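Colleague: Sending over a structure as structure tokens; questions will come in a sec.
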Amino acid sequence: MSGPTGHGAAGRRVAGSESAAGGAAELQVLIARLTGIAEEMGAVLRRSAFSPNIKERADCSAAVFDAQGRVLAQAAHIPVHLGSLPASVAAVIERFGTSLGPGEQAMVNDPYAGGTHLNDLTLVAPCWVDGVLVGWAANRAHHADLGGAAPGSMPADATEIQQEGLRLPPVRVADDTVAIVLAGSRTPEERAGDLDAQVGANAVGVARLAGLASGSFGEVLDHGERCCRAALLGLPEGEWAASDVVDSTGGNDGPSGPAAIVCTVRHRDGRLTFDFAGTDAQRPGNVNAPEAVTVSCVAFAVRAALDPDLPANAGVMRPVRVLAPAGSLVAARFPAAVGAGNVEVSQRIADVCLRALAQAVPDRVAAASQGTMNNLLVGRAHPGASGAAWVYYETIGGGQGGRPPRPGVPGARPLAGMSGVHTGMTNTRNTPVEALERAYPMRVLRQRLRRGSGGDGAAPGGEGIERELLVLDDVVVSLITERRVSAPWGLGGGGPGAVGENWLLPGGDEARAERLPDKCTVRLAAGDVLRMLTPGGGGWGPPPGPDVT
């Protein structure tokens, strides 16, 4: 993640905290056990999944909730998943109430019913104990293909959500609904295996949560609120604004001009407001983010800037308000396409939130990280007689922003940004080369750090990645990337990171190399090479002067 390291407000004794040491200890044990449930759910999901995207890249998340659908604990998985999971649980509760019985589960991926984008399929299971609903277990996993106009379900030229694949409102997980999911995918066997893994992960979560039914879940949430209010004591009252751009918005005519995201942060009377008034209206392309994604970004920024040790529960967000104009890039209305809104616009929303907060607490906010997930989607161009369909999905790391010295640590120095890592609203791993080449007809020709791509500074930005992929089949490729025009910004006198680049080398011929747009869906022939240069992170603080000794 691009935020600074912890500075301890959540670990300190706060006003109104538990008066008895025994009560405080019991609460911490309960929080740890709830968190352990979410972590175990994630481990079960990864180990039993079929697709490399979940098994290898860990593109999945898990959390547990109380009976009202308020998040109690989550594992350290994907920020854009976790902050929006409560909206999916709320949609399931609204649809089914208490009619979802023991052993049953629901699934949903509708971005207009608590989802993010169509690939992220969420499964929700109730926890019943002696006839009483005590909570919910939920997990979300990115399915590599759920139909749509291009393999991978994120066509760069989508103008409405129907072009992006199968859209599911909250429905019961049953043979007929699973059959619909499988029929809508280019890779049904893989989808079936990943769905089974999600069902199993929730079954484990429900069983473990039932064992904690006597715990004081309300006190867990109250503790989270107290910790957030204590962290807010270190934030001055005031108002701070920031803006940034999405490089292009896609659509039928290909990448178009930039679109602005604006955020004003206000801290008054112990309440923190993130107001996105001034953000551009939603666009015909796929760079529109559902409001649940925006809430995820705010939650990430609050923890990164105020205290990364804040508990990961709904109580933390009680003093925080999000104002997202309906019909804008940060609160899209149906039927807007949203594929890139989840993976790319989320990064920019987090950037503007952190840039605004940096004006209030400059010693707690890092420079901008690469600001993109560098989405790469590849699928067989002509499945059928020529061979079985396959779809590959990957996000590629880049540079982390340079970081300020750790607050409260005497003599601490700025920390250089990490290189070649996933940052911001994502937290996945890379697909190991061996696993990629075993599963798909492709070869990785080169993967190395992109030297010199990090911004200058007292804490230099981390470096991006240089990657070349040879395709051994005729394929359709979708690139959904950002920071190919606007550079990751530095802070406190630090320089910007290098922008990213996408290239096609027909037949692997360097002399015929052609620059590709940041968002495009194109056909490649067997023997072609795709080169991606990912952005570096911005630098923090002024660079050191020349050595005159």
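Residues in the structure tokens are numbered from 1 in each chain, the chains being A, B, ... in the order shown, and ligands are numbered from 1 in the order shown.
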With DSSP run on the backbone, what are the strand (DSSP E) residues within range 18-108 of chain A? I'd like them as a list in words.
Modeller: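 Of range 18-108 of chain A, only Cys60, Ser61, Ala62, Ala63, Val64, Phe65, Asp66, Val71, Leu72, Ala73, Gln74, Ala106, Met107 and Val108 of chain A fall in strand (DSSP E).
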Colleague: Restricted to C-alpha atoms, what would the selected residues look like written as an mmCIF file, in the first residue's frame?
Modeller:
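File written: out_34.cif
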data_model
loop_
_atom_site.group_PDB
_atom_site.id
_atom_site.type_symbol
_atom_site.label_atom_id
_atom_site.label_comp_id
_atom_site.auth_asym_id
_atom_site.auth_seq_id
_atom_site.Cartn_x
_atom_site.Cartn_y
_atom_site.Cartn_z
ATOM 1 C CA CYS A 60 -10.064 -12.182 -3.525
ATOM 2 C CA SER A 61 -11.171 -10.846 -0.129
ATOM 3 C CA ALA A 62 -13.146 -11.982 2.913
ATOM 4 C CA ALA A 63 -14.883 -10.384 5.893
ATOM 5 C CA VAL A 64 -17.389 -11.148 8.667
ATOM 6 C CA PHE A 65 -20.414 -9.048 9.640
ATOM 7 C CA ASP A 66 -22.932 -8.733 12.450
ATOM 8 C CA VAL A 71 -18.484 -5.298 9.065
ATOM 9 C CA LEU A 72 -16.835 -6.679 12.209
ATOM 10 C CA ALA A 73 -13.449 -7.656 10.793
ATOM 11 C CA GLN A 74 -11.705 -8.209 7.501
ATOM 12 C CA ALA A 106 -26.568 -15.650 -1.994
ATOM 13 C CA MET A 107 -24.426 -14.207 -4.770
ATOM 14 C CA VAL A 108 -24.335 -10.794 -6.411
#
Colleague: Find the residues near Gly278 in chain A: any atom within 8 Å, counting only C-alpha atoms, skip ones fewer than 3 places away on the same chain, and give them as a ChimeraX atom specification.
Modeller: /A:261-263
Colleague: Could you check how far CA of Asp130 in chain A sits from CA of Ala203 in chain A, in Å to one decimal?
Modeller: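 Computed distance, CA of Asp130 in chain A to CA of Ala203 in chain A, equals 16.9 Å.
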Colleague: List every residue of range 11-110 of chain A that has an atom at most 12 Å from any atom of range 288-291 of chain A, and for each one report the closest atom pair and its distance in Å to one decimal, counting only C-alpha atoms, with rows sorted by chain and then by increasing residue number, as a Markdown table.
Modeller:
| residue | atom | partner | partner_atom | distance |
| --- | --- | --- | --- | --- |
| A:Val80 | CA | A:Ala289 | CA | 11.0 |
| A:Gly83 | CA | A:Glu291 | CA | 10.8 |
| A:Ser84 | CA | A:Glu291 | CA | 8.7 |
| A:Ala87 | CA | A:Glu291 | CA | 9.5 |
| A:Ser88 | CA | A:Glu291 | CA | 11.9 |
| A:Asn109 | CA | A:Pro290 | CA | 12.0 |
| A:Asp110 | CA | A:Pro290 | CA | 10.0 |
Colleague: Please produce a file of those selected residues containing N, CA and C atoms, as an mmCIF file, in the first residue's frame.
Modeller:
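Done, and the output landed in selection_39.cif:
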data_model
loop_
_atom_site.group_PDB
_atom_site.id
_atom_site.type_symbol
_atom_site.label_atom_id
_atom_site.label_comp_id
_atom_site.auth_asym_id
_atom_site.auth_seq_id
_atom_site.Cartn_x
_atom_site.Cartn_y
_atom_site.Cartn_z
ATOM 1 N N VAL A 80 -10.073 -2.241 -2.442
ATOM 2 C CA VAL A 80 -11.269 -1.860 -3.206
ATOM 3 C C VAL A 80 -12.389 -2.882 -3.033
ATOM 4 N N GLY A 83 -13.739 -2.374 1.207
ATOM 5 C CA GLY A 83 -14.533 -1.205 1.545
ATOM 6 C C GLY A 83 -15.921 -1.226 0.950
ATOM 7 N N SER A 84 -16.109 -2.016 -0.120
ATOM 8 C CA SER A 84 -17.414 -2.073 -0.781
ATOM 9 C C SER A 84 -18.201 -3.332 -0.433
ATOM 10 N N ALA A 87 -21.713 -2.967 1.163
ATOM 11 C CA ALA A 87 -22.824 -2.601 0.288
ATOM 12 C C ALA A 87 -23.441 -3.839 -0.351
ATOM 13 N N SER A 88 -22.631 -4.832 -0.687
ATOM 14 C CA SER A 88 -23.171 -6.079 -1.227
ATOM 15 C C SER A 88 -23.947 -6.851 -0.174
ATOM 16 N N ASN A 109 -23.224 -9.600 -8.203
ATOM 17 C CA ASN A 109 -22.101 -8.844 -8.777
ATOM 18 C C ASN A 109 -22.557 -7.516 -9.373
ATOM 19 N N ASP A 110 -23.823 -7.173 -9.199
ATOM 20 C CA ASP A 110 -24.392 -5.964 -9.789
ATOM 21 C C ASP A 110 -23.749 -4.721 -9.181
#
Colleague: Nearest to Gly148 in chain A among A:Cys353, A:Leu85, A:Leu376, A:Ala337, with distances taken over only C-alpha atoms: which residue is it?
Modeller: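 Of A:Cys353, A:Leu85, A:Leu376, A:Ala337, the one nearest Gly148 in chain A, counting only C-alpha atoms, is A:Ala337.
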Colleague: Taking only C-alpha atoms into account, which of A:Gly193, A:Gly495, A:Gly257, A:Gly135 comes nearest Asp518 in chain A?
Modeller: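 Selected residue with least distance to Asp518 in chain A: A:Gly257.
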Colleague: Can you tell me, as a PyMOL selection string, what residues are no more than 8 Å from Ile396 in chain A when counting only C-alpha atoms, ignoring any on the same chain fewer than 5 positions away?
Modeller: chain A and resi 373-376+421-422+430+465+534
Colleague: What does the structure give for the distance between CA of Val132 in chain A and CA of His223 in chain A, in Å to one decimal?
Modeller: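 Computing the Euclidean distance for CA of Val132 in chain A and CA of His223 in chain A yields 24.5 Å.
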